[in-house]
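Pasting entry-v4.tsv here (TSV, C-alpha atoms):
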chain	number	residue	atom	x	y	z
A	123	MET	CA	106.22	159.20	128.18
A	124	LYS	CA	108.25	158.61	125.03
A	125	ARG	CA	111.13	157.20	127.15
A	126	ILE	CA	108.74	154.82	128.95
A	127	THR	CA	107.28	153.65	125.63
A	128	THR	CA	110.78	152.98	124.28
A	129	ILE	CA	111.70	150.97	127.37
A	130	CYS	CA	108.48	148.90	127.12
A	131	LEU	CA	109.18	148.24	123.45
A	132	LEU	CA	112.72	147.07	124.24
A	133	ILE	CA	111.42	144.75	126.98
A	134	PHE	CA	108.85	143.32	124.57
A	135	LEU	CA	111.46	142.76	121.88
A	136	PHE	CA	113.82	141.11	124.39
A	137	GLU	CA	111.13	138.76	125.71
A	138	SER	CA	109.99	137.93	122.15
A	139	SER	CA	113.56	137.18	121.14
A	140	ALA	CA	114.03	134.96	124.21
A	141	PHE	CA	110.80	133.11	123.40
A	142	LEU	CA	111.81	132.53	119.79
A	143	HIS	CA	115.23	131.32	120.88
A	144	ALA	CA	113.67	128.87	123.35
A	145	ALA	CA	111.32	127.59	120.68
A	146	SER	CA	114.18	127.12	118.25
A	147	THR	CA	115.99	124.79	120.65
A	148	ALA	CA	113.28	122.13	120.41
A	149	LYS	CA	114.18	119.37	117.95
A	150	SER	CA	112.61	116.12	116.78
A	151	VAL	CA	114.53	112.92	117.49
A	152	LYS	CA	113.60	109.75	115.62
A	153	ILE	CA	114.59	106.36	116.99
A	154	VAL	CA	114.36	103.12	114.99
A	155	SER	CA	114.83	99.64	116.44
A	156	LEU	CA	115.40	96.41	114.52
A	157	ASN	CA	116.43	92.85	115.31
A	158	VAL	CA	118.62	91.96	112.31
A	159	TRP	CA	118.43	88.14	112.63
A	160	TYR	CA	121.94	86.84	113.31
A	161	GLY	CA	123.66	89.94	111.96
A	162	PHE	CA	121.93	89.61	108.57
A	163	SER	CA	123.80	86.33	108.10
A	164	LYS	CA	120.60	84.30	107.62
A	165	ALA	CA	119.60	86.45	104.65
A	166	PRO	CA	122.77	88.27	103.51
A	167	GLU	CA	121.17	89.36	100.24
A	168	GLN	CA	118.81	91.56	102.28
A	169	LYS	CA	121.44	93.53	104.16
A	170	ASN	CA	122.08	96.29	101.62
A	171	LYS	CA	118.34	96.75	101.14
A	172	ALA	CA	117.85	97.04	104.90
A	173	LEU	CA	120.68	99.55	105.25
A	174	LYS	CA	119.24	101.68	102.45
A	175	TYR	CA	115.81	101.55	104.07
A	176	LEU	CA	117.25	102.73	107.36
A	177	THR	CA	119.11	105.50	105.56
A	178	ASP	CA	115.89	106.67	103.90
A	179	LEU	CA	114.17	106.84	107.29
A	180	LYS	CA	116.74	109.46	108.39
A	181	PRO	CA	116.87	108.26	111.99
A	182	ASP	CA	118.68	110.10	114.74
A	183	ILE	CA	119.16	106.97	116.86
A	184	VAL	CA	119.20	103.32	115.77
A	185	SER	CA	118.87	100.43	118.24
A	186	LEU	CA	119.95	97.04	116.86
A	187	GLN	CA	119.72	93.51	118.20
A	188	GLU	CA	121.34	90.22	117.10
A	189	LEU	CA	124.48	91.80	115.67
A	190	ASN	CA	126.05	88.35	115.54
A	191	GLY	CA	129.52	88.32	114.02
A	192	TYR	CA	129.87	92.10	114.23
A	193	ARG	CA	132.96	93.96	115.36
A	194	SER	CA	132.81	97.56	116.48
A	195	SER	CA	134.27	98.55	113.10
A	196	ASP	CA	131.41	96.76	111.30
A	197	LEU	CA	128.78	98.69	113.21
A	198	GLU	CA	130.69	101.92	112.65
A	199	ARG	CA	130.72	101.24	108.90
A	200	ASP	CA	126.99	100.51	108.78
A	201	ALA	CA	126.22	103.58	110.87
A	202	GLY	CA	128.14	105.72	108.40
A	203	GLN	CA	125.71	104.70	105.68
A	204	TRP	CA	122.85	106.47	107.44
A	205	GLY	CA	125.02	109.39	108.47
A	206	HIS	CA	125.80	108.48	112.07
A	207	LYS	CA	129.26	109.30	113.38
A	208	TYR	CA	128.75	107.58	116.71
A	209	SER	CA	128.19	103.89	117.45
A	210	LEU	CA	128.56	101.46	120.30
A	211	LEU	CA	128.57	97.65	120.35
A	212	LEU	CA	127.66	95.76	123.52
A	213	LYS	CA	130.17	92.94	122.94
A	214	GLU	CA	131.79	90.96	120.12
A	215	GLU	CA	130.51	87.47	120.82
A	216	GLY	CA	127.14	85.76	121.10
A	217	PHE	CA	124.13	87.98	120.40
A	218	PRO	CA	125.36	91.58	120.71
A	219	THR	CA	123.13	94.63	120.73
A	220	GLY	CA	124.29	97.98	119.43
A	221	ILE	CA	123.34	101.62	119.08
A	222	THR	CA	124.21	104.35	116.60
A	223	SER	CA	123.48	108.07	116.79
A	224	ASN	CA	124.10	111.31	114.96
A	225	ALA	CA	124.90	112.91	118.33
A	226	PRO	CA	127.66	111.95	120.78
A	227	ILE	CA	127.13	108.76	122.81
A	228	GLU	CA	128.07	109.34	126.45
A	229	ASP	CA	127.66	107.96	129.98
A	230	VAL	CA	127.91	104.37	128.73
A	231	LYS	CA	126.97	101.42	130.91
A	232	ILE	CA	127.44	97.80	129.85
A	233	GLN	CA	126.28	94.99	132.11
A	234	LEU	CA	126.48	91.31	131.21
A	235	MET	CA	125.88	89.68	134.58
A	236	GLY	CA	122.25	88.80	135.18
A	237	PHE	CA	121.22	89.33	131.56
A	238	HIS	CA	120.97	86.65	128.88
A	239	HIS	CA	122.43	88.89	126.17
A	240	GLY	CA	123.48	91.91	128.23
A	241	LEU	CA	122.36	95.43	129.05
A	242	LEU	CA	123.47	98.43	127.02
A	243	ARG	CA	122.66	101.92	128.27
A	244	CYS	CA	123.99	105.26	127.14
A	245	GLN	CA	123.09	108.90	126.85
A	246	THR	CA	122.55	110.67	123.52
A	247	HIS	CA	120.41	113.60	122.36
A	248	GLY	CA	119.88	114.52	126.00
A	249	MET	CA	118.18	111.19	126.80
A	250	TYR	CA	119.20	107.88	128.27
A	251	VAL	CA	118.64	105.03	125.81
A	252	TYR	CA	118.45	101.36	126.75
A	253	VAL	CA	118.94	98.81	123.97
A	254	ILE	CA	116.86	95.80	124.96
A	255	HIS	CA	117.13	92.11	124.05
A	256	LEU	CA	115.58	89.86	126.68
A	257	HIS	CA	115.78	86.08	126.98
A	258	PRO	CA	114.04	84.44	123.99
A	259	SER	CA	112.40	81.46	125.69
A	260	ASN	CA	112.33	81.67	129.48
A	261	TRP	CA	109.74	83.75	131.32
A	262	GLU	CA	111.52	83.30	134.66
A	263	PHE	CA	114.83	84.63	133.34
A	264	ARG	CA	113.02	87.56	131.72
A	265	ARG	CA	111.54	88.44	135.11
A	266	GLN	CA	115.05	88.67	136.53
A	267	GLU	CA	116.11	90.89	133.62
A	268	ILE	CA	113.15	93.23	134.12
A	269	GLN	CA	113.93	93.56	137.82
A	270	LEU	CA	117.56	94.42	137.06
A	271	LEU	CA	116.48	96.85	134.36
A	272	LEU	CA	114.13	98.71	136.70
A	273	LYS	CA	116.82	98.76	139.36
A	274	ASP	CA	119.17	100.45	136.89
A	275	ILE	CA	116.53	103.01	135.92
A	276	GLU	CA	116.23	103.93	139.59
A	277	THR	CA	119.89	105.00	139.53
A	278	LEU	CA	119.27	107.67	136.88
A	279	PRO	CA	119.15	111.32	137.98
A	280	ASP	CA	115.71	112.56	139.02
A	281	ASN	CA	113.38	113.52	136.16
A	282	SER	CA	115.64	111.87	133.58
A	283	LYS	CA	114.28	111.35	130.10
A	284	PHE	CA	114.82	107.79	128.93
A	285	ILE	CA	113.79	105.32	126.24
A	286	LEU	CA	113.80	101.53	126.12
A	287	ALA	CA	113.90	100.13	122.58
A	288	GLY	CA	114.40	96.63	121.30
A	289	ASP	CA	113.31	93.01	121.25
A	290	PHE	CA	111.62	92.25	124.58
A	291	ASN	CA	110.66	88.69	123.58
A	292	THR	CA	107.52	88.92	125.70
A	293	PHE	CA	103.87	89.87	125.57
A	294	SER	CA	101.86	92.96	126.39
A	295	PRO	CA	98.48	92.80	128.14
A	296	ARG	CA	97.42	95.45	125.61
A	297	ASP	CA	97.59	92.72	122.95
A	298	LYS	CA	95.85	90.04	125.04
A	299	SER	CA	92.55	90.15	123.15
A	300	VAL	CA	94.38	89.42	119.89
A	301	TYR	CA	96.23	86.47	121.38
A	302	ASP	CA	93.11	85.13	123.08
A	303	SER	CA	91.31	85.08	119.73
A	304	SER	CA	94.00	82.88	118.17
A	305	GLU	CA	93.25	79.17	118.35
A	306	ASP	CA	96.91	78.25	117.90
A	307	PHE	CA	98.61	80.72	120.25
A	308	ILE	CA	98.85	78.55	123.36
A	309	PRO	CA	99.17	75.26	121.39
A	310	PHE	CA	102.08	76.69	119.41
A	311	PHE	CA	104.06	77.56	122.55
A	312	GLU	CA	103.21	74.17	124.05
A	313	ARG	CA	104.76	72.55	120.99
A	314	LEU	CA	107.72	74.93	121.04
A	315	ASP	CA	108.47	74.37	124.72
A	316	LYS	CA	108.33	70.62	124.21
A	317	GLN	CA	110.50	70.62	121.10
A	318	ALA	CA	113.10	73.16	122.23
A	319	GLN	CA	112.91	72.52	125.97
A	320	GLY	CA	111.88	76.12	126.44
A	321	ASN	CA	109.94	77.82	129.18
A	322	ASN	CA	107.73	80.28	127.32
A	323	LEU	CA	104.47	79.41	129.07
A	324	ARG	CA	103.84	79.89	132.77
A	325	ASP	CA	101.39	77.27	134.02
A	326	SER	CA	100.26	76.75	130.41
A	327	GLU	CA	99.44	80.46	130.05
A	328	ILE	CA	101.04	83.50	128.45
A	329	ASP	CA	103.01	85.53	131.00
A	330	TYR	CA	102.21	89.25	130.81
A	331	TRP	CA	104.08	90.11	134.01
A	332	HIS	CA	107.14	91.65	132.32
A	333	ILE	CA	105.33	94.40	130.43
A	334	GLU	CA	102.88	94.92	133.28
A	335	LYS	CA	105.82	95.49	135.61
A	336	LEU	CA	107.25	98.18	133.32
A	337	GLU	CA	103.89	99.92	133.04
A	338	HIS	CA	103.31	99.77	136.80
A	339	ALA	CA	106.66	101.56	137.14
A	340	GLY	CA	105.29	104.37	134.98
A	341	LEU	CA	106.91	103.52	131.65
A	342	VAL	CA	104.75	104.08	128.57
A	343	ASP	CA	104.36	101.74	125.57
A	344	VAL	CA	104.26	104.50	122.96
A	345	ILE	CA	103.27	102.26	120.04
A	346	ALA	CA	100.27	100.83	121.88
A	347	LYS	CA	99.31	104.34	122.93
A	348	GLN	CA	99.35	105.74	119.39
A	349	ARG	CA	98.23	102.83	117.22
A	350	LYS	CA	94.80	102.41	115.70
A	351	MET	CA	95.12	98.65	115.27
A	352	PHE	CA	97.30	95.76	116.39
A	353	GLN	CA	100.35	94.89	114.30
A	354	GLY	CA	102.72	92.07	115.13
A	355	THR	CA	106.48	92.45	114.75
A	356	PHE	CA	107.29	88.73	114.47
A	357	PRO	CA	107.46	86.66	112.31
A	358	THR	CA	107.86	88.32	108.92
A	359	LYS	CA	107.29	86.84	105.48
A	360	LEU	CA	111.00	86.09	105.24
A	361	ARG	CA	110.37	82.91	107.23
A	362	GLU	CA	106.80	82.17	106.21
A	363	ASP	CA	107.74	78.60	105.21
A	364	GLU	CA	108.53	77.79	108.88
A	365	ASP	CA	106.17	77.03	111.75
A	366	LEU	CA	106.83	80.13	113.86
A	367	GLY	CA	103.35	80.50	115.27
A	368	PRO	CA	100.81	83.34	115.06
A	369	GLU	CA	102.00	86.91	114.65
A	370	ARG	CA	102.89	88.65	117.87
A	371	ARG	CA	104.41	91.90	119.07
A	372	LEU	CA	107.86	91.33	120.57
A	373	ASP	CA	109.49	94.65	119.69
A	374	TYR	CA	108.65	97.74	121.72
A	375	ILE	CA	109.60	101.31	122.46
A	376	PHE	CA	108.94	102.50	126.01
A	377	CYS	CA	109.59	105.97	127.34
A	378	SER	CA	109.71	107.69	130.70
A	379	PRO	CA	106.62	109.60	131.88
A	380	SER	CA	108.56	112.83	131.28
A	381	LEU	CA	108.68	112.07	127.54
A	382	ILE	CA	105.18	110.86	126.76
A	383	ASP	CA	103.78	114.31	125.95
A	384	SER	CA	106.73	114.82	123.62
A	385	CYS	CA	106.03	111.71	121.52
A	386	LEU	CA	105.00	112.88	118.06
A	387	SER	CA	104.53	109.44	116.50
A	388	ALA	CA	105.18	105.77	117.15
A	389	LYS	CA	104.49	102.71	115.02
A	390	CYS	CA	105.53	99.31	113.75
A	391	LEU	CA	107.05	99.54	110.27
A	392	VAL	CA	105.15	96.72	108.61
A	393	ASN	CA	105.27	96.77	104.81
A	394	SER	CA	106.40	94.75	101.80
A	395	LYS	CA	110.00	95.96	102.13
A	396	THR	CA	110.47	95.36	105.84
A	397	SER	CA	108.85	91.95	105.58
A	398	MET	CA	112.01	90.66	103.90
A	399	PHE	CA	114.86	92.33	105.85
A	400	SER	CA	114.71	90.12	108.93
A	401	ASP	CA	112.38	87.85	110.87
A	402	HIS	CA	111.38	90.93	112.92
A	403	TYR	CA	109.76	94.13	111.69
A	404	PRO	CA	111.33	97.45	112.73
A	405	VAL	CA	109.61	99.82	115.14
A	406	THR	CA	110.04	103.58	115.38
A	407	ALA	CA	109.10	106.60	117.45
A	408	THR	CA	109.76	110.33	117.15
A	409	PHE	CA	110.02	112.68	120.12
A	410	GLN	CA	110.16	116.46	120.38
A	411	ILE	CA	113.14	117.13	122.62
A	412	ASP	CA	114.10	120.42	124.26
A	413	THR	CA	117.83	120.96	124.04
A	414	PRO	CA	119.81	122.89	126.68
The structure in this file should be written as structure tokens.
Amino acid sequence: MKRITTICLLIFLFESSAFLHAASTAKSVKIVSLNVWYGFSKAPEQKNKALKYLTDLKPDIVSLQELNGYRSSDLERDAGQWGHKYSLLLKEEGFPTGITSNAPIEDVKIQLMGFHHGLLRCQTHGMYVYVIHLHPSNWEFRRQEIQLLLKDIETLPDNSKFILAGDFNTFSPRDKSVYDSSEDFIPFFERLDKQAQGNNLRDSEIDYWHIEKLEHAGLVDVIAKQRKMFQGTFPTKLREDEDLGPERRLDYIFCSPSLIDSCLSAKCLVNSKTSMFSDHYPVTATFQIDTP
């Protein structure tokens, strides 16, 4: 009997140890996304403040848009300020996107054809991350980009964990009631399309197709899911002297269905500091990730 008791105790201790080890492999991963308005060149005095703010957030992944004028070495230098050894720049002309991480960046895919700014996808922290910057003023072109994006997602291994983070330049049906209540929402885009020869409105209406298409594919808008109230991400107070229209949410973080239960928090970072870094507010989300 004593021998049986000893064996049972050893089995219990082994299983407990295995459970504790499994639990210890779960880690939180914070992603922050920010459009930096022409590579901070429109408000250069804000750059150091923005970099310090990002450092204080202690992100694990940073998704950046509008890195105009950046070289890979510039992004690497900025990433070092918030403790990231790994960085990747989409391109070195036009409106580049970029990503930094405190874990290796692998399985990189860069696609320029079919996208206004380009598609950047990589793997880090055991997830695929897409850095998004869709066409700023053409709903038809954005539809093409969404179709190509979904086609790329279909190539990922089954049950892959993935995140889309960036400036989508389009509108969510989850925000429709806010936009409908604004007297100047449609008139503003009518003026903008006329002045800039844009194509923001579809038949004089806001086009929600892009975000609807992502949600129909199973992707989850984690900020909309977790928020208690609407917050726009554009424009900020940095450009309050310009006619940029009513506030709207252009910056999003989407995740795969396999990640939604792991999302610990998600929000727009709207405050007095972030209102002056860029013409966009940052967005962030934190996930609990199981490591191999």
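Take the candidates A:Ser282, A:Thr292, A:Ile411, A:Met398 and check each one against A:Asn170 using all atoms listed in the file; the shortest distance goes to A:Met398.
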Practice task
Give me the residues within 10 Å of stretch 386-389 of chain A as a count of residues only, counting all atoms listed in the file and dropping any in the same chain fewer than 6 places off.
Solution key: 23
Sorted by chain and rising residue number, list the residues of stretch 266-374 of chain A at most 9 Å from stretch 177-191 of chain A (counting only C-alpha atoms), each with its closest atom pair and distance in Å to one decimal, as a tab-separated table.
residue	atom	partner	partner_atom	distance
A:Ala287	CA	A:Ser185	CA	6.6
A:Gly288	CA	A:Ser185	CA	6.6
A:Asp289	CA	A:Gln187	CA	7.1
Handout entry: Distance criterion (only C-alpha atoms): nearest to A:Asp306 out of A:Lys164, A:Arg193, A:Lys171, A:Arg370
Key = A:Arg370
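Of the residues listed (A:Ser384, A:Arg199, A:Leu271, A:Pro309), A:Leu271 shows the shortest atom-to-atom separation from A:Met235; distances use all atoms listed in the file.
Computed from the coordinates, the atom CA of A:Asp412 to atom CA of A:Leu381 distance equals 10.5 Å.
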Practice task
Go through A:Leu176, A:Glu228, A:Arg361, A:Gly220 and flag the residue nearest A:Asp196, using only C-alpha atoms for the distances.
Solution key: A:Gly220
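Distance check against A:Asp302 using all atoms listed in the file: of A:Val392, A:Glu337, A:Pro368, A:Lys359, the minimum falls on A:Pro368.
With only C-alpha atoms as the basis for measurement, A:Ser378 is the residue among A:Ser394, A:Ser400, A:Asn224, A:Ser378 that approaches A:Tyr252 most closely.
Shell of stretch 365-367 of chain A at 7 Å, with all atoms listed in the file counted and residues fewer than 3 places along the chain excluded, is Phe307, Phe310 and Pro357 of chain A.
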Please produce a file of those selected residues containing C-alpha atoms, as a PDB file, in the frame of the given file.
ATOM      1  CA  PHE A 307      98.610  80.720 120.250  1.00  0.00           C
ATOM      2  CA  PHE A 310     102.080  76.690 119.410  1.00  0.00           C
ATOM      3  CA  PRO A 357     107.460  86.660 112.310  1.00  0.00           C
TER       4      PRO A 357
END
Exercise for the section: Excluding A:Lys231 and residues on its chain fewer than 5 positions from it, collect all residues at most 12 Å away from it, counting all atoms listed in the file, and give them as a ChimeraX atom specification. Expected result: /A:210-212,240-245,250-253,271,274-275,277-278
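One distance worth recording is that between atom CA of A:Leu372 and atom CA of A:Ser195, which is 28.4 Å.
Note that atom CA of A:Ser299 and atom CA of A:Phe352 are 10.0 Å apart.
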Problem - A:Arg264 surroundings by all atoms listed in the file, 9 Å radius, close-in-sequence under 4 positions cut, as number ranges by chain - result: A: 237-238, 256-260, 268-269, 290-292, 332
